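Visitor: For reference, the file data19.cif (mmCIF, C-alpha atoms) is included below:
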```
data_structure
loop_
_atom_site.label_atom_id
_atom_site.label_comp_id
_atom_site.auth_asym_id
_atom_site.auth_seq_id
_atom_site.Cartn_x
_atom_site.Cartn_y
_atom_site.Cartn_z
CA MET A 16 -4.16 -2.86 19.34
CA ASP A 17 -5.29 0.71 18.64
CA ILE A 18 -3.68 2.88 15.98
CA VAL A 19 -4.20 6.55 16.81
CA PRO A 20 -2.59 9.93 16.06
CA ILE A 21 0.61 10.32 18.06
CA THR A 22 0.78 12.73 21.00
CA PRO A 23 3.93 14.35 22.43
CA GLU A 24 3.55 12.04 25.45
CA ASP A 25 3.36 8.96 23.17
CA PHE A 26 6.58 9.98 21.47
CA ARG A 27 8.27 10.59 24.80
CA ARG A 28 7.48 7.00 25.77
CA PHE A 29 8.47 5.67 22.33
CA TRP A 30 11.80 7.54 22.28
CA PRO A 31 13.96 4.77 23.87
CA GLU A 32 12.81 2.42 21.08
CA PHE A 33 13.31 5.08 18.42
CA GLU A 34 16.76 5.87 19.77
CA ALA A 35 17.80 2.19 19.84
CA ILE A 36 16.64 1.77 16.22
CA ILE A 37 18.59 4.75 14.87
CA ARG A 38 21.67 4.00 17.01
CA ALA A 39 21.84 0.47 15.56
CA GLN A 40 22.23 1.89 12.01
CA GLU A 41 20.60 -1.11 10.41
CA THR A 42 17.35 0.23 8.99
CA TYR A 43 17.02 4.02 8.87
CA ALA A 44 19.06 6.69 7.09
CA PHE A 45 18.71 8.97 10.10
CA ASP A 46 21.53 10.64 11.99
CA PRO A 47 22.22 8.11 14.78
CA SER A 48 23.16 10.92 17.17
CA MET A 49 20.08 13.06 16.63
CA THR A 50 18.53 14.60 19.72
CA TYR A 51 15.06 13.94 21.11
CA GLU A 52 13.88 17.31 19.81
CA GLU A 53 15.25 16.63 16.30
CA ALA A 54 13.64 13.20 16.27
CA TYR A 55 10.29 14.60 17.38
CA ALA A 56 10.38 17.23 14.63
CA LEU A 57 11.45 14.70 11.99
CA TRP A 58 9.03 11.89 12.87
CA CYS A 59 6.00 13.68 14.32
CA GLN A 60 5.93 17.27 13.12
CA SER A 61 7.47 17.47 9.65
CA PRO A 62 5.34 14.66 8.10
CA GLN A 63 1.71 15.08 7.11
CA ARG A 64 0.47 12.47 9.62
CA CYS A 65 2.01 10.40 12.44
CA PHE A 66 0.37 7.50 14.28
CA VAL A 67 1.17 5.11 17.12
CA ALA A 68 0.03 1.57 17.74
CA LYS A 69 -0.87 1.07 21.41
CA GLU A 70 -2.02 -1.75 23.61
CA GLY A 71 -3.27 -0.13 26.80
CA GLU A 72 -0.41 2.17 27.76
CA GLU A 73 2.27 0.28 25.84
CA ILE A 74 3.57 1.81 22.60
CA LEU A 75 3.97 -1.03 20.09
CA GLY A 76 5.13 1.02 17.14
CA SER A 77 4.71 4.17 15.09
CA TYR A 78 4.64 5.41 11.52
CA TYR A 79 4.62 8.68 9.62
CA LEU A 80 3.06 9.51 6.26
CA LYS A 81 4.08 12.39 4.00
CA PRO A 82 4.11 13.33 0.32
CA ASN A 83 7.08 11.79 -1.48
CA GLY A 84 7.35 14.77 -3.84
CA MET A 85 5.74 18.09 -4.55
CA GLY A 86 3.53 19.30 -7.40
CA PRO A 87 3.63 16.71 -10.21
CA SER A 88 4.68 13.96 -7.77
CA ALA A 89 2.29 14.89 -4.96
CA HIS A 90 0.08 11.87 -5.76
CA VAL A 91 2.71 9.52 -4.28
CA CYS A 92 3.14 9.27 -0.52
CA ASN A 93 6.00 7.98 1.58
CA CYS A 94 5.86 6.24 4.96
CA GLY A 95 8.30 5.02 7.59
CA TYR A 96 7.45 2.44 10.24
CA MET A 97 9.08 1.45 13.52
CA VAL A 98 8.11 -1.41 15.82
CA SER A 99 9.18 -1.64 19.48
CA ALA A 100 11.63 -4.48 20.13
CA ARG A 101 9.25 -6.25 22.52
CA ALA A 102 6.37 -6.09 20.04
CA ARG A 103 8.12 -7.68 17.04
CA GLY A 104 6.71 -10.77 15.33
CA LYS A 105 3.15 -9.89 16.34
CA GLY A 106 1.90 -8.32 13.13
CA VAL A 107 2.41 -4.72 14.25
CA ALA A 108 4.30 -3.67 11.11
CA ARG A 109 1.64 -5.22 8.91
CA ALA A 110 -1.13 -3.48 10.88
CA LEU A 111 0.67 -0.13 10.66
CA CYS A 112 1.28 -0.55 6.94
CA GLU A 113 -2.32 -1.50 6.18
CA HIS A 114 -3.50 1.44 8.29
CA SER A 115 -1.22 3.76 6.34
CA TRP A 116 -2.81 2.66 3.05
CA GLU A 117 -6.24 3.66 4.35
CA ILE A 118 -4.93 7.02 5.51
CA GLY A 119 -3.04 7.51 2.24
CA ARG A 120 -6.12 6.71 0.16
CA ALA A 121 -8.27 9.00 2.31
CA LEU A 122 -5.77 11.81 1.70
CA GLY A 123 -6.04 11.20 -2.06
CA TYR A 124 -2.73 9.45 -2.74
CA ALA A 125 -2.57 7.04 -5.67
CA ALA A 126 0.59 5.16 -4.67
CA MET A 127 3.11 4.66 -1.87
CA GLN A 128 6.89 4.69 -2.31
CA PHE A 129 9.71 3.69 0.04
CA ASN A 130 12.94 5.36 -1.06
CA ALA A 131 15.57 3.44 0.86
CA VAL A 132 14.66 0.03 2.30
CA VAL A 133 17.94 -1.44 3.53
CA SER A 134 18.49 -4.63 1.54
CA THR A 135 19.81 -6.56 4.54
CA ASN A 136 16.58 -5.86 6.47
CA ALA A 137 15.20 -9.16 5.18
CA VAL A 138 12.18 -9.30 7.47
CA ALA A 139 10.96 -5.90 6.31
CA VAL A 140 11.71 -6.55 2.63
CA ALA A 141 9.80 -9.85 2.75
CA LEU A 142 6.86 -8.26 4.55
CA TRP A 143 6.58 -5.36 2.12
CA GLN A 144 6.68 -7.77 -0.81
CA LYS A 145 3.99 -9.93 0.82
CA LEU A 146 1.89 -6.78 1.22
CA GLY A 147 2.14 -5.97 -2.47
CA PHE A 148 5.17 -3.70 -2.73
CA ALA A 149 7.50 -4.27 -5.67
CA ILE A 150 11.23 -3.58 -5.67
CA VAL A 151 11.50 -1.02 -8.49
CA GLY A 152 15.08 0.04 -7.88
CA THR A 153 18.33 -1.05 -6.23
CA VAL A 154 20.83 1.62 -5.24
CA PRO A 155 24.32 0.15 -4.85
CA LYS A 156 26.02 0.56 -1.45
CA ALA A 157 23.75 3.45 -0.46
CA TYR A 158 23.66 2.50 3.24
CA LYS A 159 26.54 2.02 5.68
CA HIS A 160 25.19 -0.75 7.89
CA GLY A 161 26.25 -0.74 11.55
CA THR A 162 27.90 -4.17 11.28
CA ARG A 163 27.86 -5.24 7.60
CA GLY A 164 29.47 -2.25 5.93
CA TYR A 165 28.08 -0.72 2.73
CA VAL A 166 24.90 -2.45 1.56
CA ASP A 167 22.35 -1.76 -1.18
CA THR A 168 19.01 -0.05 -0.63
CA TYR A 169 15.76 -0.78 -2.46
CA VAL A 170 13.15 1.57 -3.83
CA MET A 171 9.79 -0.10 -3.24
CA HIS A 172 6.40 0.87 -4.65
CA LYS A 173 2.74 -0.05 -4.36
CA VAL A 174 -0.39 1.29 -6.02
CA LEU A 175 -2.96 2.24 -3.34
CA MET B 17 31.46 30.48 -18.32
CA ASP B 18 32.10 30.85 -14.58
CA ILE B 19 30.50 28.59 -12.00
CA VAL B 20 30.36 30.36 -8.64
CA PRO B 21 28.34 30.22 -5.39
CA ILE B 22 24.90 31.74 -5.93
CA THR B 23 24.01 35.12 -4.42
CA PRO B 24 20.50 36.41 -3.62
CA GLU B 25 20.88 38.79 -6.58
CA ASP B 26 21.80 35.89 -8.90
CA PHE B 27 18.69 34.00 -7.86
CA ARG B 28 16.54 37.09 -8.36
CA ARG B 29 17.76 37.24 -11.95
CA PHE B 30 17.41 33.49 -12.42
CA TRP B 31 13.85 33.38 -11.01
CA PRO B 32 11.98 33.89 -14.34
CA GLU B 33 13.79 30.81 -15.74
CA PHE B 34 13.21 28.84 -12.53
CA GLU B 35 9.53 29.81 -12.55
CA ALA B 36 9.09 28.82 -16.21
CA ILE B 37 10.70 25.43 -15.52
CA ILE B 38 8.50 24.56 -12.54
CA ARG B 39 5.33 25.96 -14.17
CA ALA B 40 5.88 23.67 -17.20
CA GLN B 41 5.71 20.58 -14.95
CA GLU B 42 7.94 18.55 -17.22
CA THR B 43 11.10 18.02 -15.17
CA TYR B 44 10.86 18.89 -11.45
CA ALA B 45 8.64 17.53 -8.68
CA PHE B 46 8.30 21.02 -7.25
CA ASP B 47 5.05 22.80 -6.49
CA PRO B 48 4.43 24.76 -9.72
CA SER B 49 2.80 27.59 -7.78
CA MET B 50 5.55 28.07 -5.22
CA THR B 51 6.47 31.63 -4.38
CA TYR B 52 9.80 33.33 -4.97
CA GLU B 53 10.58 33.09 -1.26
CA GLU B 54 9.78 29.37 -1.15
CA ALA B 55 11.88 28.74 -4.25
CA TYR B 56 14.82 30.66 -2.80
CA ALA B 57 14.65 28.67 0.43
CA LEU B 58 14.30 25.35 -1.41
CA TRP B 59 16.99 25.88 -4.05
CA CYS B 60 19.52 28.16 -2.36
CA GLN B 61 19.18 27.92 1.40
CA SER B 62 18.07 24.41 2.32
CA PRO B 63 20.77 22.55 0.29
CA GLN B 64 24.39 22.27 1.38
CA ARG B 65 25.69 24.21 -1.64
CA CYS B 66 24.17 26.16 -4.53
CA PHE B 67 26.02 27.47 -7.60
CA VAL B 68 25.26 29.48 -10.73
CA ALA B 69 26.85 29.39 -14.16
CA LYS B 70 27.36 32.91 -15.49
CA GLU B 71 28.67 34.49 -18.64
CA GLY B 72 29.26 38.12 -17.80
CA GLU B 73 26.02 39.20 -16.17
CA GLU B 74 23.90 36.48 -17.78
CA ILE B 75 22.78 33.54 -15.62
CA LEU B 76 23.11 30.39 -17.72
CA GLY B 77 22.00 27.88 -15.12
CA SER B 78 22.18 26.76 -11.52
CA TYR B 79 22.47 23.66 -9.37
CA TYR B 80 22.21 22.64 -5.75
CA LEU B 81 24.00 19.87 -3.88
CA LYS B 82 22.84 18.26 -0.65
CA PRO B 83 23.10 14.97 1.23
CA ASN B 84 20.62 12.41 -0.12
CA GLY B 85 20.18 10.86 3.31
CA MET B 86 21.35 11.23 6.88
CA GLY B 87 23.65 9.13 9.06
CA PRO B 88 24.29 5.80 7.31
CA SER B 89 23.41 7.30 3.90
CA ALA B 90 25.27 10.58 4.34
CA HIS B 91 28.00 9.42 1.92
CA VAL B 92 25.60 9.86 -1.03
CA CYS B 93 24.77 13.32 -2.32
CA ASN B 94 21.91 14.58 -4.45
CA CYS B 95 21.92 17.40 -7.00
CA GLY B 96 19.42 19.25 -9.14
CA TYR B 97 20.32 21.28 -12.22
CA MET B 98 18.48 23.92 -14.24
CA VAL B 99 19.59 25.57 -17.45
CA SER B 100 18.16 28.85 -18.76
CA ALA B 101 16.12 28.41 -21.96
CA ARG B 102 18.44 30.63 -23.99
CA ALA B 103 21.53 28.73 -22.84
CA ARG B 104 20.43 25.21 -23.78
CA GLY B 105 22.48 23.05 -26.12
CA LYS B 106 25.72 24.76 -25.12
CA GLY B 107 27.06 22.28 -22.62
CA VAL B 108 25.90 24.14 -19.53
CA ALA B 109 24.24 21.10 -17.92
CA ARG B 110 27.37 19.03 -18.50
CA ALA B 111 29.57 21.77 -17.04
CA LEU B 112 27.31 22.11 -13.98
CA CYS B 113 27.23 18.35 -13.48
CA GLU B 114 31.00 17.93 -13.75
CA HIS B 115 31.46 20.88 -11.37
CA SER B 116 29.09 19.20 -8.90
CA TRP B 117 31.21 16.03 -8.90
CA GLU B 118 34.26 18.03 -7.87
CA ILE B 119 32.32 19.78 -5.12
CA GLY B 120 30.78 16.49 -4.01
CA ARG B 121 34.17 14.76 -3.86
CA ALA B 122 35.67 17.71 -1.99
CA LEU B 123 32.87 17.42 0.58
CA GLY B 124 33.66 13.72 1.01
CA TYR B 125 30.76 12.15 -0.87
CA ALA B 126 31.32 8.72 -2.43
CA ALA B 127 28.38 8.74 -4.85
CA MET B 128 25.66 10.90 -6.37
CA GLN B 129 22.01 9.91 -6.68
CA PHE B 130 19.12 11.48 -8.59
CA ASN B 131 15.82 10.35 -7.10
CA ALA B 132 13.30 11.30 -9.75
CA VAL B 133 14.55 11.97 -13.27
CA VAL B 134 11.41 12.29 -15.40
CA SER B 135 11.61 9.52 -18.00
CA THR B 136 10.25 11.73 -20.79
CA ASN B 137 13.08 14.24 -20.25
CA ALA B 138 15.09 12.41 -22.90
CA VAL B 139 17.81 15.03 -23.29
CA ALA B 140 18.61 14.92 -19.57
CA VAL B 141 18.42 11.12 -19.31
CA ALA B 142 20.78 10.73 -22.29
CA LEU B 143 23.22 13.30 -20.89
CA TRP B 144 23.33 11.72 -17.44
CA GLN B 145 23.94 8.31 -18.99
CA LYS B 146 26.71 9.75 -21.17
CA LEU B 147 28.25 11.24 -18.02
CA GLY B 148 28.32 7.86 -16.30
CA PHE B 149 25.04 7.72 -14.40
CA ALA B 150 23.18 4.39 -14.44
CA ILE B 151 19.41 3.99 -14.23
CA VAL B 152 19.09 1.89 -11.06
CA GLY B 153 15.34 2.16 -10.63
CA THR B 154 12.12 2.99 -12.49
CA VAL B 155 9.15 4.21 -10.48
CA PRO B 156 5.90 3.70 -12.40
CA LYS B 157 3.77 6.77 -13.10
CA ALA B 158 5.43 8.78 -10.34
CA TYR B 159 5.24 12.11 -12.22
CA LYS B 160 2.21 13.87 -13.65
CA HIS B 161 3.68 15.53 -16.74
CA GLY B 162 2.20 18.86 -17.84
CA THR B 163 1.15 17.51 -21.23
CA ARG B 164 1.80 13.74 -21.28
CA GLY B 165 -0.05 12.63 -18.16
CA TYR B 166 1.44 10.15 -15.70
CA VAL B 167 4.97 9.09 -16.65
CA ASP B 168 7.70 7.04 -14.97
CA THR B 169 10.64 8.48 -13.09
CA TYR B 170 14.15 7.07 -12.92
CA VAL B 171 16.52 6.73 -10.00
CA MET B 172 20.03 7.39 -11.36
CA HIS B 173 23.37 6.80 -9.67
CA LYS B 174 27.04 7.42 -10.20
CA VAL B 175 30.10 6.64 -8.10
CA LEU B 176 32.17 9.82 -7.58
#
```
What would you get if you wrote out this structure as structure tokens?
Guide:
Amino acid sequence: MDIVPITPEDFRRFWPEFEAIIRAQETYAFDPSMTYEEAYALWCQSPQRCFVAKEGEEILGSYYLKPNGMGPSAHVCNCGYMVSARARGKGVARALCEHSWEIGRALGYAAMQFNAVVSTNAVAVALWQKLGFAIVGTVPKAYKHGTRGYVDTYVMHKVL
Amino acid sequence: MDIVPITPEDFRRFWPEFEAIIRAQETYAFDPSMTYEEAYALWCQSPQRCFVAKEGEEILGSYYLKPNGMGPSAHVCNCGYMVSARARGKGVARALCEHSWEIGRALGYAAMQFNAVVSTNAVAVALWQKLGFAIVGTVPKAYKHGTRGYVDTYVMHKVL
């Protein structure tokens, strides 16, 4: 698996996965009806960095990295990760996350914060905890899950 | 005191207060060197709503309201409040906050979330708690305070 900066062509090939993830409304607080162009701007252009994990021509997953705040909070970064359905259970999320720490450290960040990890996303919550993230906050009913109704979100944090 | 939608002229008159607040680096995770144009876009244009509190021609304070997330989290709003130095201790923050609940409810929001209340901002923390906000998270050392170094931030939440 190679993790490299995303190209417009990579995102075009990743879009069906991205679209399925946001349409499901189980993990991301993104507009489930956003267009391709809006998604490209949000995921690839607006953040500070965006990478893809590839195996040959197959896109296994992607993540972005950006500052979580400005000025006095610019030492904390924020990331979001997505893994293609066919590539799940193969350590892609872990590889992306560990890669993001290296990038974050190289950019001078002291910590990483996730603002809204959906509490019912047990696989992700368990992985982040295994990788050293702590749940530092629980926001009640902050996410309307596609099938489970209103569920809590977690704020998670790790020193880099 | 009247609380009304902000105009470009209102913000022009409020700017010295806004600038002093961000330069102090004690309360907002905003770039302390941002320009007038950047501040206007951030505070007045990018949010869903922006209001000022006025007494005659004097600007007492201002707040913005915006969605805290998209799609499945679009039922939670976020606000930021600033009070002019000369108007502090007169109930302006409380009036702005209570006004924002009415606006938030009218726009269909079910809850309000503050993402990064600086823990050393004791007056604000105490007021928000008095007004029904709960501390639902504590992010360690997420804010580099102008004089106190790295301090925690709180996530605060209230059902509308």
Visitor: In Å, rounded to a single decimal, give me how far atom CA of Pro87 of chain A is from atom CA of Asp47 of chain B.
Guide: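 Atom CA of Pro87 of chain A lies at a distance of 7.3 Å from atom CA of Asp47 of chain B.
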Visitor: Find, counting all atoms listed in the file, the residue in B:Val108, B:Val141, B:Leu176, B:Val155 that gets nearest to chain A.
Guide: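 Looking only at the distances to chain A, the closest residue turns out to be B:Val155.
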Visitor: Given the PyMOL selection byres ((chain B) within 8 of (chain A)) and the file above, list the residues it selects as a compact mmCIF listing (two decimals) with C-alpha atoms, in the frame of the given file.
Guide:
```txt
# COMPACT_ATOMS: atom_id res chain seq x y z
CA GLN B 41 5.71 20.58 -14.95
CA TYR B 44 10.86 18.89 -11.45
CA ALA B 45 8.64 17.53 -8.68
CA PHE B 46 8.30 21.02 -7.25
CA ASP B 47 5.05 22.80 -6.49
CA PRO B 48 4.43 24.76 -9.72
CA GLY B 85 20.18 10.86 3.31
CA MET B 86 21.35 11.23 6.88
CA GLY B 87 23.65 9.13 9.06
CA PRO B 88 24.29 5.80 7.31
CA SER B 89 23.41 7.30 3.90
CA ALA B 90 25.27 10.58 4.34
CA HIS B 91 28.00 9.42 1.92
CA VAL B 92 25.60 9.86 -1.03
CA VAL B 152 19.09 1.89 -11.06
CA GLY B 153 15.34 2.16 -10.63
CA THR B 154 12.12 2.99 -12.49
CA VAL B 155 9.15 4.21 -10.48
CA ALA B 158 5.43 8.78 -10.34
CA TYR B 159 5.24 12.11 -12.22
CA LYS B 160 2.21 13.87 -13.65
CA HIS B 161 3.68 15.53 -16.74
CA VAL B 171 16.52 6.73 -10.00
CA HIS B 173 23.37 6.80 -9.67
```
Visitor: Give me the least-squares superposed chain B (reference chain A; all C-alpha atoms paired in order) as a tab-separated table (two decimals) with C-alpha atoms, in the coordinates of the input.
Guide:
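Result file follows (result04.tsv):
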```tsv
chain	number	residue	atom	x	y	z
B	17	MET	CA	-4.17	-2.86	19.34
B	18	ASP	CA	-5.30	0.71	18.64
B	19	ILE	CA	-3.68	2.88	15.98
B	20	VAL	CA	-4.21	6.55	16.80
B	21	PRO	CA	-2.59	9.93	16.05
B	22	ILE	CA	0.61	10.32	18.05
B	23	THR	CA	0.79	12.73	20.99
B	24	PRO	CA	3.94	14.35	22.43
B	25	GLU	CA	3.55	12.04	25.45
B	26	ASP	CA	3.37	8.97	23.18
B	27	PHE	CA	6.58	9.98	21.46
B	28	ARG	CA	8.28	10.59	24.80
B	29	ARG	CA	7.48	7.00	25.75
B	30	PHE	CA	8.46	5.68	22.33
B	31	TRP	CA	11.80	7.55	22.27
B	32	PRO	CA	13.95	4.78	23.86
B	33	GLU	CA	12.81	2.40	21.06
B	34	PHE	CA	13.30	5.08	18.40
B	35	GLU	CA	16.77	5.87	19.77
B	36	ALA	CA	17.78	2.19	19.84
B	37	ILE	CA	16.64	1.77	16.22
B	38	ILE	CA	18.58	4.75	14.86
B	39	ARG	CA	21.67	4.02	17.01
B	40	ALA	CA	21.84	0.47	15.55
B	41	GLN	CA	22.21	1.89	12.02
B	42	GLU	CA	20.61	-1.12	10.41
B	43	THR	CA	17.35	0.23	8.99
B	44	TYR	CA	17.01	4.04	8.87
B	45	ALA	CA	19.07	6.70	7.10
B	46	PHE	CA	18.70	8.97	10.10
B	47	ASP	CA	21.52	10.64	11.99
B	48	PRO	CA	22.21	8.12	14.79
B	49	SER	CA	23.15	10.92	17.18
B	50	MET	CA	20.07	13.07	16.64
B	51	THR	CA	18.53	14.60	19.71
B	52	TYR	CA	15.07	13.94	21.10
B	53	GLU	CA	13.90	17.32	19.80
B	54	GLU	CA	15.24	16.63	16.31
B	55	ALA	CA	13.65	13.19	16.27
B	56	TYR	CA	10.30	14.60	17.38
B	57	ALA	CA	10.39	17.23	14.64
B	58	LEU	CA	11.46	14.70	11.99
B	59	TRP	CA	9.05	11.89	12.88
B	60	CYS	CA	6.02	13.68	14.32
B	61	GLN	CA	5.94	17.28	13.13
B	62	SER	CA	7.46	17.47	9.66
B	63	PRO	CA	5.34	14.65	8.10
B	64	GLN	CA	1.70	15.07	7.12
B	65	ARG	CA	0.49	12.46	9.62
B	66	CYS	CA	2.02	10.40	12.43
B	67	PHE	CA	0.36	7.50	14.27
B	68	VAL	CA	1.17	5.11	17.11
B	69	ALA	CA	0.03	1.56	17.75
B	70	LYS	CA	-0.85	1.08	21.41
B	71	GLU	CA	-2.01	-1.75	23.60
B	72	GLY	CA	-3.25	-0.15	26.78
B	73	GLU	CA	-0.43	2.17	27.77
B	74	GLU	CA	2.26	0.29	25.84
B	75	ILE	CA	3.56	1.81	22.59
B	76	LEU	CA	3.97	-1.02	20.09
B	77	GLY	CA	5.13	1.02	17.13
B	78	SER	CA	4.70	4.16	15.08
B	79	TYR	CA	4.64	5.42	11.51
B	80	TYR	CA	4.63	8.67	9.61
B	81	LEU	CA	3.07	9.51	6.25
B	82	LYS	CA	4.08	12.38	4.00
B	83	PRO	CA	4.11	13.34	0.32
B	84	ASN	CA	7.09	11.80	-1.48
B	85	GLY	CA	7.36	14.77	-3.82
B	86	MET	CA	5.73	18.10	-4.55
B	87	GLY	CA	3.54	19.31	-7.40
B	88	PRO	CA	3.63	16.72	-10.20
B	89	SER	CA	4.66	13.96	-7.76
B	90	ALA	CA	2.28	14.90	-4.96
B	91	HIS	CA	0.07	11.88	-5.75
B	92	VAL	CA	2.70	9.53	-4.27
B	93	CYS	CA	3.14	9.28	-0.52
B	94	ASN	CA	6.00	7.99	1.59
B	95	CYS	CA	5.86	6.23	4.96
B	96	GLY	CA	8.28	5.02	7.59
B	97	TYR	CA	7.45	2.43	10.24
B	98	MET	CA	9.09	1.43	13.52
B	99	VAL	CA	8.13	-1.41	15.82
B	100	SER	CA	9.18	-1.64	19.47
B	101	ALA	CA	11.63	-4.50	20.14
B	102	ARG	CA	9.25	-6.25	22.52
B	103	ALA	CA	6.37	-6.09	20.04
B	104	ARG	CA	8.10	-7.68	17.04
B	105	GLY	CA	6.70	-10.77	15.35
B	106	LYS	CA	3.14	-9.89	16.34
B	107	GLY	CA	1.91	-8.31	13.15
B	108	VAL	CA	2.40	-4.72	14.25
B	109	ALA	CA	4.31	-3.67	11.11
B	110	ARG	CA	1.62	-5.21	8.91
B	111	ALA	CA	-1.13	-3.48	10.89
B	112	LEU	CA	0.67	-0.12	10.68
B	113	CYS	CA	1.27	-0.55	6.95
B	114	GLU	CA	-2.33	-1.49	6.18
B	115	HIS	CA	-3.52	1.44	8.32
B	116	SER	CA	-1.22	3.76	6.34
B	117	TRP	CA	-2.82	2.65	3.05
B	118	GLU	CA	-6.24	3.66	4.34
B	119	ILE	CA	-4.93	7.02	5.51
B	120	GLY	CA	-3.04	7.51	2.25
B	121	ARG	CA	-6.12	6.71	0.16
B	122	ALA	CA	-8.27	9.00	2.31
B	123	LEU	CA	-5.78	11.81	1.68
B	124	GLY	CA	-6.04	11.20	-2.06
B	125	TYR	CA	-2.73	9.46	-2.73
B	126	ALA	CA	-2.57	7.04	-5.67
B	127	ALA	CA	0.60	5.18	-4.66
B	128	MET	CA	3.12	4.67	-1.87
B	129	GLN	CA	6.89	4.69	-2.31
B	130	PHE	CA	9.71	3.69	0.04
B	131	ASN	CA	12.94	5.35	-1.04
B	132	ALA	CA	15.58	3.43	0.86
B	133	VAL	CA	14.67	0.03	2.29
B	134	VAL	CA	17.95	-1.45	3.53
B	135	SER	CA	18.48	-4.65	1.54
B	136	THR	CA	19.81	-6.57	4.55
B	137	ASN	CA	16.58	-5.87	6.48
B	138	ALA	CA	15.20	-9.16	5.19
B	139	VAL	CA	12.18	-9.31	7.48
B	140	ALA	CA	10.97	-5.90	6.30
B	141	VAL	CA	11.71	-6.55	2.61
B	142	ALA	CA	9.81	-9.86	2.75
B	143	LEU	CA	6.85	-8.27	4.55
B	144	TRP	CA	6.58	-5.37	2.11
B	145	GLN	CA	6.69	-7.78	-0.81
B	146	LYS	CA	4.01	-9.94	0.81
B	147	LEU	CA	1.90	-6.80	1.23
B	148	GLY	CA	2.14	-5.99	-2.47
B	149	PHE	CA	5.16	-3.70	-2.72
B	150	ALA	CA	7.50	-4.27	-5.68
B	151	ILE	CA	11.24	-3.59	-5.67
B	152	VAL	CA	11.50	-1.02	-8.48
B	153	GLY	CA	15.09	0.03	-7.89
B	154	THR	CA	18.34	-1.05	-6.23
B	155	VAL	CA	20.83	1.63	-5.24
B	156	PRO	CA	24.32	0.16	-4.84
B	157	LYS	CA	26.02	0.57	-1.46
B	158	ALA	CA	23.76	3.45	-0.46
B	159	TYR	CA	23.65	2.50	3.24
B	160	LYS	CA	26.53	2.03	5.66
B	161	HIS	CA	25.19	-0.75	7.90
B	162	GLY	CA	26.26	-0.76	11.55
B	163	THR	CA	27.90	-4.17	11.28
B	164	ARG	CA	27.85	-5.24	7.60
B	165	GLY	CA	29.47	-2.25	5.93
B	166	TYR	CA	28.09	-0.73	2.74
B	167	VAL	CA	24.91	-2.44	1.55
B	168	ASP	CA	22.34	-1.75	-1.17
B	169	THR	CA	19.02	-0.05	-0.64
B	170	TYR	CA	15.77	-0.77	-2.45
B	171	VAL	CA	13.15	1.57	-3.82
B	172	MET	CA	9.77	-0.10	-3.25
B	173	HIS	CA	6.38	0.86	-4.65
B	174	LYS	CA	2.75	-0.06	-4.35
B	175	VAL	CA	-0.38	1.29	-6.01
B	176	LEU	CA	-2.96	2.25	-3.35
```
Visitor: Please measure the separation of atom CA of Gly120 of chain B and atom CA of Arg104 of chain B, giving the value in Å to one decimal.
Guide: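 Answer for the atom CA of Gly120 of chain B to atom CA of Arg104 of chain B separation: 24.0 Å.
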Visitor: Leaving out Pro20 of chain A and any residue of its chain fewer than 6 positions from it, which residues lie within 9 Å of it when counting all atoms listed in the file, given as an MDAnalysis selection string?
Guide: chainID A and resid 64:68
Visitor: Within 12 Å of (34.1, 25.9, -13.4), only C-alpha atoms: residues as a tab-separated table (two decimals) with C-alpha atoms, keeping the file's coordinate frame?
Guide:
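Result went into result-v4.tsv, see below:
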```
chain	number	residue	atom	x	y	z
B	17	MET	CA	31.46	30.48	-18.32
B	18	ASP	CA	32.10	30.85	-14.58
B	19	ILE	CA	30.50	28.59	-12.00
B	20	VAL	CA	30.36	30.36	-8.64
B	21	PRO	CA	28.34	30.22	-5.39
B	67	PHE	CA	26.02	27.47	-7.60
B	68	VAL	CA	25.26	29.48	-10.73
B	69	ALA	CA	26.85	29.39	-14.16
B	70	LYS	CA	27.36	32.91	-15.49
B	71	GLU	CA	28.67	34.49	-18.64
B	108	VAL	CA	25.90	24.14	-19.53
B	109	ALA	CA	24.24	21.10	-17.92
B	110	ARG	CA	27.37	19.03	-18.50
B	111	ALA	CA	29.57	21.77	-17.04
B	112	LEU	CA	27.31	22.11	-13.98
B	113	CYS	CA	27.23	18.35	-13.48
B	114	GLU	CA	31.00	17.93	-13.75
B	115	HIS	CA	31.46	20.88	-11.37
B	116	SER	CA	29.09	19.20	-8.90
B	117	TRP	CA	31.21	16.03	-8.90
B	118	GLU	CA	34.26	18.03	-7.87
B	119	ILE	CA	32.32	19.78	-5.12
```
Visitor: Which is closer to Glu73 of chain A than all the others in A:Ala121, A:Ala102, A:Val132, A:Val166, using all atoms listed in the file?
Guide: A:Ala102
Visitor: In Å, rounded to a single decimal, give me how far atom CA of Asn136 of chain A is from atom CA of Arg27 of chain A.
Guide: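 Calculated distance between atom CA of Arg27 of chain A and atom CA of Asn136 of chain A is 26.0 Å.
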Visitor: Please evaluate the PyMOL selection byres ((chain A and resi 23) around 12) against the displayed coordinates and give the resulting residues as a ChimeraX atom specification.
Guide: /A:20-22,24-30,51-52,54-56,58-60,65-67
Visitor: For Ala139 of chain A, which residue out of A:Ala35, A:Leu122, A:Cys92, A:Val98 is the nearest one, using all atoms listed in the file?
Guide: A:Val98
